[in-house]
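*Asks:* This is the content of model04.cif (mmCIF, C-alpha atoms and all ligand atoms):
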```cif
data_target
loop_
_atom_site.label_atom_id
_atom_site.label_comp_id
_atom_site.auth_asym_id
_atom_site.auth_seq_id
_atom_site.Cartn_x
_atom_site.Cartn_y
_atom_site.Cartn_z
CA MET X 273 -19.34 19.38 -26.19
CA MET X 274 -15.79 18.14 -25.72
CA ASP X 275 -13.48 18.55 -28.69
CA PRO X 276 -12.90 15.02 -30.18
CA LYS X 277 -9.13 15.42 -29.68
CA GLU X 278 -9.62 16.35 -26.04
CA ALA X 279 -12.05 13.47 -25.59
CA SER X 280 -9.55 10.99 -26.99
CA ALA X 281 -6.75 12.43 -24.80
CA ALA X 282 -9.07 12.12 -21.77
CA ALA X 283 -9.88 8.51 -22.71
CA ASN X 284 -6.15 7.71 -22.74
CA GLU X 285 -5.51 9.37 -19.38
CA PRO X 286 -5.27 6.80 -16.60
CA GLU X 287 -8.05 7.08 -14.05
CA LEU X 288 -6.61 8.36 -10.75
CA VAL X 289 -7.85 7.05 -7.43
CA ILE X 290 -5.46 9.06 -5.25
CA LYS X 291 -4.06 12.52 -5.96
CA VAL X 292 -1.52 13.93 -3.55
CA LYS X 293 -0.56 17.58 -4.11
CA ASP X 294 2.15 19.69 -2.47
CA LEU X 295 2.30 17.40 0.55
CA VAL X 296 4.27 18.64 3.56
CA VAL X 297 4.41 16.51 6.72
CA GLY X 298 6.68 17.06 9.68
CA PHE X 299 7.23 16.85 13.38
CA GLY X 300 7.99 20.09 15.26
CA ASP X 301 10.26 22.24 13.09
CA ARG X 302 11.43 19.33 10.99
CA ASN X 303 9.69 18.50 7.74
CA VAL X 304 10.00 14.85 6.82
CA ILE X 305 8.02 15.32 3.61
CA ASP X 306 8.85 18.58 1.99
CA GLY X 307 6.35 19.14 -0.78
CA PHE X 308 5.57 16.63 -3.46
CA ASP X 309 2.83 15.42 -5.78
CA LEU X 310 1.96 11.77 -6.30
CA ASP X 311 -0.82 10.15 -8.31
CA VAL X 312 -2.03 6.59 -7.89
CA ARG X 313 -3.77 5.06 -10.90
CA LYS X 314 -6.81 2.82 -10.72
CA GLY X 315 -5.86 -0.87 -10.79
CA GLU X 316 -2.10 -0.41 -10.50
CA ILE X 317 0.38 -1.72 -7.98
CA LEU X 318 2.48 1.28 -7.00
CA GLY X 319 5.67 0.51 -5.10
CA VAL X 320 7.06 3.27 -2.86
CA VAL X 321 10.80 3.06 -2.19
CA GLY X 322 13.53 5.20 -0.73
CA PRO X 323 16.36 5.14 1.79
CA SER X 324 15.55 4.23 5.38
CA GLY X 325 13.96 7.22 7.09
CA ALA X 326 13.01 8.87 3.79
CA GLY X 327 9.42 9.19 4.94
CA LYS X 328 7.69 6.31 3.15
CA SER X 329 5.63 5.25 6.16
CA VAL X 330 5.00 8.88 7.11
CA THR X 331 3.63 9.53 3.61
CA LEU X 332 1.40 6.47 3.78
CA ARG X 333 0.05 7.51 7.17
CA ALA X 334 -0.56 11.08 5.96
CA VAL X 335 -2.42 9.80 2.89
CA ILE X 336 -4.76 7.69 5.01
CA GLY X 337 -5.26 10.51 7.50
CA LEU X 338 -3.43 9.02 10.47
CA LEU X 339 -0.91 11.88 10.48
CA PRO X 340 -1.75 15.55 10.06
CA LYS X 341 -0.42 17.41 7.03
CA LYS X 342 1.33 20.76 7.40
CA ALA X 343 0.32 21.62 3.84
CA GLY X 344 -1.05 20.04 0.71
CA THR X 345 -4.10 18.05 -0.25
CA VAL X 346 -4.99 14.41 -0.59
CA GLU X 347 -7.87 13.48 -2.86
CA VAL X 348 -9.17 9.92 -2.84
CA PHE X 349 -11.85 8.93 -5.38
CA GLY X 350 -12.17 12.64 -6.16
CA VAL X 351 -12.91 13.58 -2.52
CA ASP X 352 -10.62 16.14 -0.87
CA MET X 353 -10.16 14.38 2.46
CA ASP X 354 -9.66 17.62 4.43
CA ALA X 355 -12.64 19.42 2.91
CA ALA X 356 -14.94 16.38 3.21
CA THR X 357 -17.64 16.03 5.85
CA PRO X 358 -17.04 13.27 8.41
CA LYS X 359 -19.70 11.18 6.62
CA GLU X 360 -18.01 11.61 3.21
CA ARG X 361 -14.63 10.84 4.72
CA LEU X 362 -15.94 7.67 6.35
CA SER X 363 -17.47 6.47 3.10
CA VAL X 364 -14.07 6.88 1.38
CA GLU X 365 -12.21 5.28 4.28
CA ARG X 366 -14.46 2.23 4.01
CA ARG X 367 -13.17 1.74 0.48
CA TRP X 368 -9.60 1.08 1.59
CA GLY X 369 -7.87 -1.54 3.68
CA VAL X 370 -4.49 -1.21 5.37
CA LEU X 371 -1.82 -3.76 6.21
CA PHE X 372 0.62 -2.22 8.67
CA GLN X 373 4.26 -3.15 8.94
CA GLN X 374 3.92 -5.45 11.94
CA GLY X 375 0.76 -7.15 10.73
CA ALA X 376 -0.94 -5.69 13.81
CA LEU X 377 -3.32 -8.53 14.55
CA PHE X 378 -4.89 -8.61 18.00
CA SER X 379 -3.00 -11.34 19.81
CA SER X 380 -5.91 -12.27 22.09
CA LEU X 381 -8.24 -12.90 19.13
CA THR X 382 -8.25 -15.80 16.68
CA VAL X 383 -7.65 -15.19 12.98
CA LEU X 384 -11.39 -15.47 12.38
CA GLN X 385 -12.17 -12.92 15.09
CA ASN X 386 -9.48 -10.56 13.75
CA VAL X 387 -10.83 -10.74 10.21
CA ALA X 388 -14.42 -10.39 11.44
CA MET X 389 -13.70 -7.28 13.48
CA PRO X 390 -14.06 -4.64 10.71
CA LEU X 391 -17.26 -6.38 9.57
CA ARG X 392 -18.67 -6.20 13.09
CA GLU X 393 -17.68 -2.55 13.43
CA HIS X 394 -18.72 -1.25 10.04
CA THR X 395 -21.62 -3.39 8.79
CA ASP X 396 -25.04 -4.47 9.99
CA LEU X 397 -24.48 -8.07 8.95
CA GLY X 398 -25.62 -10.80 11.31
CA ALA X 399 -23.15 -12.99 13.20
CA LYS X 400 -23.49 -15.98 10.85
CA MET X 401 -23.01 -13.86 7.73
CA ILE X 402 -19.97 -12.13 9.30
CA GLU X 403 -18.42 -15.49 10.04
CA ASP X 404 -19.10 -16.72 6.50
CA VAL X 405 -17.58 -13.59 4.92
CA ALA X 406 -14.55 -13.76 7.23
CA ARG X 407 -13.97 -17.42 6.34
CA LEU X 408 -14.19 -16.54 2.64
CA LYS X 409 -11.53 -13.85 3.06
CA ILE X 410 -9.30 -16.29 4.93
CA GLU X 411 -9.62 -18.67 2.00
CA LEU X 412 -9.06 -15.85 -0.50
CA VAL X 413 -5.59 -15.11 0.91
CA GLY X 414 -4.57 -18.75 0.66
CA LEU X 415 -4.86 -19.80 4.31
CA LYS X 416 -6.25 -23.22 5.17
CA PRO X 417 -9.67 -23.21 6.85
CA GLU X 418 -8.08 -24.52 10.10
CA ALA X 419 -6.04 -21.30 10.37
CA ALA X 420 -9.28 -19.44 11.21
CA ASP X 421 -9.33 -20.81 14.74
CA ARG X 422 -5.67 -20.22 15.51
CA PHE X 423 -4.21 -17.34 17.49
CA PRO X 424 -1.52 -15.11 15.91
CA SER X 425 1.16 -16.63 18.17
CA GLU X 426 0.45 -20.01 16.56
CA LEU X 427 1.10 -18.75 13.02
CA SER X 428 4.24 -18.38 10.91
CA GLY X 429 5.31 -14.91 9.72
CA GLY X 430 3.88 -15.55 6.27
CA MET X 431 0.56 -16.73 7.71
CA ILE X 432 0.33 -13.62 9.91
CA LYS X 433 0.80 -11.40 6.83
CA ARG X 434 -1.92 -13.33 5.02
CA ALA X 435 -4.28 -13.11 7.98
CA ALA X 436 -3.66 -9.37 8.26
CA LEU X 437 -4.30 -9.06 4.53
CA ALA X 438 -7.57 -10.99 4.94
CA ARG X 439 -8.58 -8.45 7.56
CA ALA X 440 -7.58 -5.54 5.26
CA LEU X 441 -9.80 -7.11 2.56
CA SER X 442 -12.76 -7.80 4.84
CA LEU X 443 -14.83 -4.82 3.68
CA ASP X 444 -14.13 -5.46 -0.04
CA PRO X 445 -11.89 -2.42 -0.46
CA ASP X 446 -10.97 -0.82 -3.79
CA ILE X 447 -7.52 0.17 -2.51
CA VAL X 448 -5.12 -1.61 -0.19
CA PHE X 449 -2.20 0.10 1.49
CA LEU X 450 0.63 -2.26 2.38
CA ASP X 451 3.56 -1.16 4.54
CA GLU X 452 6.50 -3.48 3.82
CA PRO X 453 4.34 -6.59 3.43
CA THR X 454 7.22 -8.94 2.63
CA ALA X 455 9.61 -7.70 5.35
CA GLY X 456 10.70 -10.62 7.51
CA LEU X 457 9.56 -13.29 5.04
CA ASP X 458 11.99 -15.69 3.41
CA PRO X 459 12.37 -15.25 -0.39
CA ILE X 460 9.92 -18.05 -1.19
CA GLY X 461 7.31 -16.71 1.22
CA ALA X 462 7.87 -13.18 -0.08
CA ASN X 463 7.47 -14.31 -3.67
CA ALA X 464 4.27 -16.17 -2.82
CA PHE X 465 2.91 -13.04 -1.14
CA ASP X 466 3.77 -10.93 -4.22
CA ARG X 467 1.95 -13.45 -6.43
CA LEU X 468 -1.07 -13.26 -4.15
CA ILE X 469 -1.15 -9.46 -4.40
CA MET X 470 -0.89 -9.66 -8.19
CA THR X 471 -3.70 -12.23 -8.36
CA LEU X 472 -5.91 -10.07 -6.14
CA LYS X 473 -5.18 -7.05 -8.29
CA ASP X 474 -6.17 -8.98 -11.41
CA THR X 475 -9.22 -10.73 -10.01
CA LEU X 476 -10.63 -8.01 -7.76
CA GLY X 477 -9.38 -4.97 -9.70
CA LEU X 478 -7.63 -3.74 -6.56
CA THR X 479 -5.39 -0.71 -6.54
CA VAL X 480 -2.33 -1.35 -4.37
CA TYR X 481 -0.10 1.23 -2.67
CA MET X 482 2.86 -0.70 -1.33
CA VAL X 483 5.82 0.61 0.66
CA THR X 484 8.65 -1.84 0.16
CA HIS X 485 12.40 -2.38 0.24
CA ASP X 486 12.03 -5.64 -1.62
CA LEU X 487 13.65 -5.47 -5.06
CA ASP X 488 11.95 -8.71 -6.12
CA SER X 489 8.53 -7.24 -5.25
CA LEU X 490 9.35 -4.06 -7.14
CA ASN X 491 10.51 -6.00 -10.14
CA THR X 492 7.79 -8.63 -10.35
CA ALA X 493 4.70 -7.07 -8.80
CA CYS X 494 4.84 -3.29 -9.25
CA ASP X 495 3.48 -1.52 -12.33
CA ARG X 496 5.12 1.75 -11.29
CA ILE X 497 7.59 2.82 -8.64
CA ALA X 498 7.76 6.07 -6.70
CA ALA X 499 11.15 6.84 -5.15
CA LEU X 500 11.36 9.23 -2.20
CA LYS X 501 14.52 10.87 -0.90
CA GLY X 502 15.18 13.86 1.30
CA GLY X 503 11.47 14.62 1.65
CA LYS X 504 11.00 14.88 -2.11
CA LEU X 505 9.83 12.59 -4.87
CA LEU X 506 12.94 11.67 -6.84
CA ALA X 507 11.24 9.77 -9.62
CA VAL X 508 8.08 7.94 -10.52
CA GLY X 509 7.62 5.46 -13.35
CA PRO X 510 8.13 1.85 -14.38
CA MET X 511 11.27 -0.11 -13.49
CA SER X 512 12.67 0.59 -16.97
CA GLU X 513 12.90 4.28 -15.99
CA MET X 514 14.20 3.67 -12.47
CA VAL X 515 17.27 1.86 -13.80
CA LYS X 516 18.18 4.87 -15.94
CA ASN X 517 18.04 7.39 -13.11
CA ASP X 518 21.45 8.84 -12.22
CA ASP X 519 20.77 9.94 -8.66
CA PRO X 520 23.48 8.19 -6.56
CA TRP X 521 21.00 6.41 -4.30
CA MET X 522 18.92 5.28 -7.29
CA LYS X 523 22.01 4.01 -9.10
CA ASP X 524 23.16 2.12 -6.08
CA TYR X 525 19.71 0.68 -5.39
CA PHE X 526 18.51 -0.18 -8.91
CA ARG X 527 21.86 -1.02 -10.51
CA GLY X 528 23.80 -2.40 -7.54
CA GLU X 529 24.71 -5.94 -6.72
CA ARG X 530 21.38 -6.80 -5.09
CA ALA X 531 19.47 -5.44 -8.08
CA ARG X 532 21.57 -7.56 -10.40
CA ALA X 533 20.92 -10.60 -8.20
CA ALA X 534 17.19 -9.88 -8.57
CA GLY X 535 17.65 -9.88 -12.35
CA ILE X 536 16.89 -6.17 -12.63
CA GLY X 537 19.93 -5.11 -14.65
CA ALA X 538 19.18 -7.91 -17.09
CA ALA X 539 15.57 -6.75 -17.58
CA ALA X 540 16.58 -3.15 -18.32
N1 LIG D 1 5.71 10.20 15.26
C1 LIG D 1 6.90 10.67 14.90
N2 LIG D 1 7.50 11.68 15.58
C2 LIG D 1 8.70 12.18 15.20
N3 LIG D 1 9.39 11.76 14.12
C3 LIG D 1 8.86 10.77 13.40
C4 LIG D 1 7.59 10.18 13.74
N4 LIG D 1 7.30 9.21 12.80
C5 LIG D 1 8.35 9.22 11.95
N5 LIG D 1 9.27 10.14 12.30
C6 LIG D 1 10.52 10.42 11.59
O1 LIG D 1 10.22 10.62 10.24
C7 LIG D 1 11.26 10.11 9.41
C8 LIG D 1 10.68 9.21 8.35
O2 LIG D 1 10.17 8.03 8.97
P1 LIG D 1 9.47 6.88 8.14
O3 LIG D 1 9.10 5.83 9.13
O4 LIG D 1 8.41 7.43 7.28
O5 LIG D 1 10.67 6.38 7.25
P2 LIG D 1 10.67 5.23 6.15
O6 LIG D 1 11.06 5.84 4.87
O7 LIG D 1 9.37 4.50 6.18
O8 LIG D 1 11.86 4.35 6.71
P3 LIG D 1 12.10 2.77 6.83
O9 LIG D 1 12.41 2.33 5.45
O10 LIG D 1 13.29 2.68 7.72
O11 LIG D 1 10.86 2.16 7.41
C9 LIG D 1 12.25 9.41 10.33
O12 LIG D 1 13.34 10.28 10.55
C10 LIG D 1 11.46 9.22 11.61
O13 LIG D 1 12.30 9.27 12.72
#
```
Would you kindly transcribe this structure into structure tokens?
*Replies:*
Amino acid sequence: MMDPKEASAAANEPELVIKVKDLVVGFGDRNVIDGFDLDVRKGEILGVVGPSGAGKSVTLRAVIGLLPKKAGTVEVFGVDMDAATPKERLSVERRWGVLFQQGALFSSLTVLQNVAMPLREHTDLGAKMIEDVARLKIELVGLKPEAADRFPSELSGGMIKRAALARALSLDPDIVFLDEPTAGLDPIGANAFDRLIMTLKDTLGLTVYMVTHDLDSLNTACDRIAALKGGKLLAVGPMSEMVKNDDPWMKDYFRGERARAAGIGAAA
């Protein structure tokens, strides 16, 4: 039996949904990610930041298996994704949704058809049920019902992000990966998107892995922040720790003029 002290320590440990260990990712001789560990806790919004070219998107793509690793392991829901059988891997992959940087909707399909696509590919649901579920997801992300029949070219940037999020949510994922979801949105649209993510986290219990440059998103939406630089993890923790970090890039980013404008210095 577990020692009562150990049991209570285990009860206080956050549950991890993703465990990245000793990750190395590179192209040719060049390693973009040069060995780091990163945990993602169940039900948190983790913001991943770092200078341009630091490898934030590369890390995200390696975690979801779109880029090969040179070394290291990625465990999702306790499954080592490299050691897993194709069937095990697929069952884990079905538990996450991804929103890529450009939204990546199919331009020749309506919003409804875009959102329905993963349901058509991965479930045995009938056409009527697929349409009903897709319409529900469209409503869930705050789009009007009429948006379902529009094509991506007829939507604003904010609506495209929402439609792409509806598609990422179509299979009721436990985790969503977001690559710069508020890039290109005006501050009001970006703030509304952050609020939506926070509401979805609270109501659906989602875990969110979000690459972002947006200081407002980091400040208002993220429970913890992971900062990457030079292929390494510089720091991970809440905003209150980020603002104390003395690395020059961190100081500039979290204590500079833009951070102050976002009210970050004041919160620390
Ligand atoms: N397929 C690829 N082949 C070669 N190099 C690549 C490839 N994908 C990314 N890189 C390189 O890896 C580095 C990290 O890129 P990545 O897109 O992850 O940066 P990032 O931190 O997301 O930057 P940004 O904030 O500008 O989006 C860059 O130097 C990029 O040129």
*Asks:* Would you give the centre and edge lengths, in Å to one decimal, of a box along x, y and z around the listed atoms of ligand LIG 1 (chain D), with 8 Å added to each side, as JSON?
*Replies:*
```
{"center_x": 9.5, "center_y": 7.2, "center_z": 10.2, "size_x": 23.6, "size_y": 26.0, "size_z": 26.7}
```
*Asks:* Mind giving me the straight-line distance from atom C2 of ligand LIG 1 (chain D) to atom CA of Gly344 of chain X in Å, one decimal?
*Replies:*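 Going from atom C2 of ligand LIG 1 (chain D) over to atom CA of Gly344 of chain X, I get 19.2 Å.
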*Asks:* With a distance cut-off of 9 Å and all atoms listed in the file, select the neighbouring residues of segment 387-402 of chain X, excluding the residue or stretch itself and same-chain residues fewer than 6 positions from it, and output the selection as JSON, numbers by chain.
*Replies:* {"X": [366, 377, 409, 410, 420, 435, 436, 437, 438, 439, 440, 441, 442, 443]}
*Asks:* Enumerate as a PyMOL selection string the residues within 6 Å of ligand LIG 1 (chain D), counting all atoms listed in the file.
*Replies:* chain X and resi 299+304+324-330
*Asks:* I'd like to know which of X:Glu316, X:Asp309, X:Asp495, X:Asp421 is closest to Val346 of chain X, using only C-alpha atoms.
*Replies:*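 Of the candidates, the smallest distance to Val346 of chain X is held by X:Asp309.
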*Asks:* What is the distance, in Å and to one decimal place, between atom CA of Phe308 of chain X and atom CA of Thr357 of chain X?
*Replies:* 25.0 Å
*Asks:* Once you count only C-alpha atoms, what closest atom pair and distance in Å to one decimal does each residue of segment 402-492 of chain X within 12 Å of segment 500-511 of chain X have, with rows by chain and rising residue number, as a tab-separated table?
*Replies:*
```
residue	atom	partner	partner_atom	distance
X:Val483	CA	X:Leu500	CA	10.6
X:Thr484	CA	X:Leu500	CA	11.6
X:His485	CA	X:Leu500	CA	11.9
X:Leu487	CA	X:Met511	CA	10.3
X:Asp488	CA	X:Met511	CA	11.3
X:Ser489	CA	X:Met511	CA	11.2
X:Leu490	CA	X:Met511	CA	7.7
X:Asn491	CA	X:Met511	CA	6.8
X:Thr492	CA	X:Met511	CA	9.7
```
*Asks:* Quick one, how far is atom CA of Val448 of chain X from atom CA of Ile469 of chain X?
*Replies:*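 A separation of 9.8 Å between them.
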*Asks:* Which is closest to Ala498 of chain X among X:Ser425, X:Thr331, X:Asn386, X:Thr454, if we use all atoms listed in the file?
*Replies:* X:Thr331
*Asks:* Which residue gives the smallest distance to Gln373 of chain X among X:Gly315, X:Gly298, X:Gly429, X:Gly528, with only C-alpha atoms counted?
*Replies:*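 Closest to Gln373 of chain X, using only C-alpha atoms: X:Gly429.
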*Asks:* Determine the nearest neighbour of Leu295 of chain X from the options X:Leu310, X:Cys494, X:Ala464, X:Leu472, counting all atoms listed in the file.
*Replies:*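 Selected residue with least distance to Leu295 of chain X: X:Leu310.
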*Asks:* When you count all atoms listed in the file, which of these residues is closest to Ser380 of chain X: X:Asp404, X:Asp524, X:Asp466, X:Glu426?
*Replies:*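 Among X:Asp404, X:Asp524, X:Asp466, X:Glu426, it is X:Glu426 that comes nearest to Ser380 of chain X.
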*Asks:* List the residues sitting within 9 Å of (-13.3, 12.4, -3.3) in the file's frame, using all atoms listed in the file, as a ChimeraX atom specification.
*Replies:* /X:289-290,346-353,356,360-361,364
*Asks:* Given the choices X:Val370, X:Asp486, X:Ile536, X:Pro417, which gets closest to Leu338 of chain X if the distance is worked out from all atoms listed in the file?
*Replies:*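 Of X:Val370, X:Asp486, X:Ile536, X:Pro417, the one nearest Leu338 of chain X is X:Val370, counting all atoms listed in the file.
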*Asks:* Residues around (0.2, -3.3, 14.3), cut-off 12 Å, counting only C-alpha atoms - what are they as a list of chain:residue names?
*Replies:* X:Val370, X:Leu371, X:Phe372, X:Gln373, X:Gln374, X:Gly375, X:Ala376, X:Leu377, X:Phe378, X:Ser379, X:Ile432, X:Lys433, X:Ala436, X:Leu450, X:Asp451
*Asks:* Neighbouring residues of Ile447 of chain X were defined as those with any atom within 6 Å, considering all atoms listed in the file; residues of the same chain fewer than 4 positions away were excluded. Please report them as a PyMOL selection string.
*Replies:* chain X and resi 368+478-480
*Asks:* Mind writing segment 345-359 of chain X to a file for me, with N, CA and C atoms, as a PDB file, in the first residue's frame?
*Replies:*
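out_27.pdb written:
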```pdb
ATOM      1  N   THR X 345      11.239  11.645 -26.190  1.00  0.00           N
ATOM      2  CA  THR X 345       9.946  10.966 -26.218  1.00  0.00           C
ATOM      3  C   THR X 345       8.820  11.966 -25.980  1.00  0.00           C
ATOM      4  N   VAL X 346       7.683  11.625 -26.532  1.00  0.00           N
ATOM      5  CA  VAL X 346       6.462  12.396 -26.278  1.00  0.00           C
ATOM      6  C   VAL X 346       5.402  11.403 -25.813  1.00  0.00           C
ATOM      7  N   GLU X 347       4.927  11.624 -24.591  1.00  0.00           N
ATOM      8  CA  GLU X 347       3.840  10.793 -24.067  1.00  0.00           C
ATOM      9  C   GLU X 347       2.573  11.632 -24.013  1.00  0.00           C
ATOM     10  N   VAL X 348       1.491  11.105 -24.552  1.00  0.00           N
ATOM     11  CA  VAL X 348       0.214  11.802 -24.466  1.00  0.00           C
ATOM     12  C   VAL X 348      -0.785  10.833 -23.829  1.00  0.00           C
ATOM     13  N   PHE X 349      -1.467  11.286 -22.798  1.00  0.00           N
ATOM     14  CA  PHE X 349      -2.360  10.421 -22.003  1.00  0.00           C
ATOM     15  C   PHE X 349      -1.651   9.118 -21.607  1.00  0.00           C
ATOM     16  N   GLY X 350      -0.368   9.234 -21.267  1.00  0.00           N
ATOM     17  CA  GLY X 350       0.379   8.066 -20.802  1.00  0.00           C
ATOM     18  C   GLY X 350       0.847   7.134 -21.910  1.00  0.00           C
ATOM     19  N   VAL X 351       0.583   7.485 -23.175  1.00  0.00           N
ATOM     20  CA  VAL X 351       0.995   6.626 -24.293  1.00  0.00           C
ATOM     21  C   VAL X 351       2.244   7.217 -24.940  1.00  0.00           C
ATOM     22  N   ASP X 352       3.312   6.432 -24.989  1.00  0.00           N
ATOM     23  CA  ASP X 352       4.529   6.854 -25.686  1.00  0.00           C
ATOM     24  C   ASP X 352       4.229   6.774 -27.181  1.00  0.00           C
ATOM     25  N   MET X 353       4.162   7.934 -27.840  1.00  0.00           N
ATOM     26  CA  MET X 353       3.650   7.980 -29.207  1.00  0.00           C
ATOM     27  C   MET X 353       4.551   7.238 -30.205  1.00  0.00           C
ATOM     28  N   ASP X 354       5.849   7.066 -29.883  1.00  0.00           N
ATOM     29  CA  ASP X 354       6.714   6.331 -30.804  1.00  0.00           C
ATOM     30  C   ASP X 354       6.629   4.827 -30.597  1.00  0.00           C
ATOM     31  N   ALA X 355       6.357   4.436 -29.333  1.00  0.00           N
ATOM     32  CA  ALA X 355       6.292   2.998 -29.034  1.00  0.00           C
ATOM     33  C   ALA X 355       4.893   2.439 -29.311  1.00  0.00           C
ATOM     34  N   ALA X 356       3.916   3.319 -29.493  1.00  0.00           N
ATOM     35  CA  ALA X 356       2.520   2.881 -29.629  1.00  0.00           C
ATOM     36  C   ALA X 356       2.285   2.165 -30.968  1.00  0.00           C
ATOM     37  N   THR X 357       1.289   1.300 -30.971  1.00  0.00           N
ATOM     38  CA  THR X 357       0.865   0.682 -32.238  1.00  0.00           C
ATOM     39  C   THR X 357       0.086   1.747 -33.020  1.00  0.00           C
ATOM     40  N   PRO X 358      -0.042   1.569 -34.337  1.00  0.00           N
ATOM     41  CA  PRO X 358      -0.809   2.560 -35.109  1.00  0.00           C
ATOM     42  C   PRO X 358      -2.218   2.752 -34.544  1.00  0.00           C
ATOM     43  N   LYS X 359      -2.826   1.663 -34.038  1.00  0.00           N
ATOM     44  CA  LYS X 359      -4.188   1.771 -33.506  1.00  0.00           C
ATOM     45  C   LYS X 359      -4.204   2.624 -32.230  1.00  0.00           C
TER      46      LYS X 359
END
```
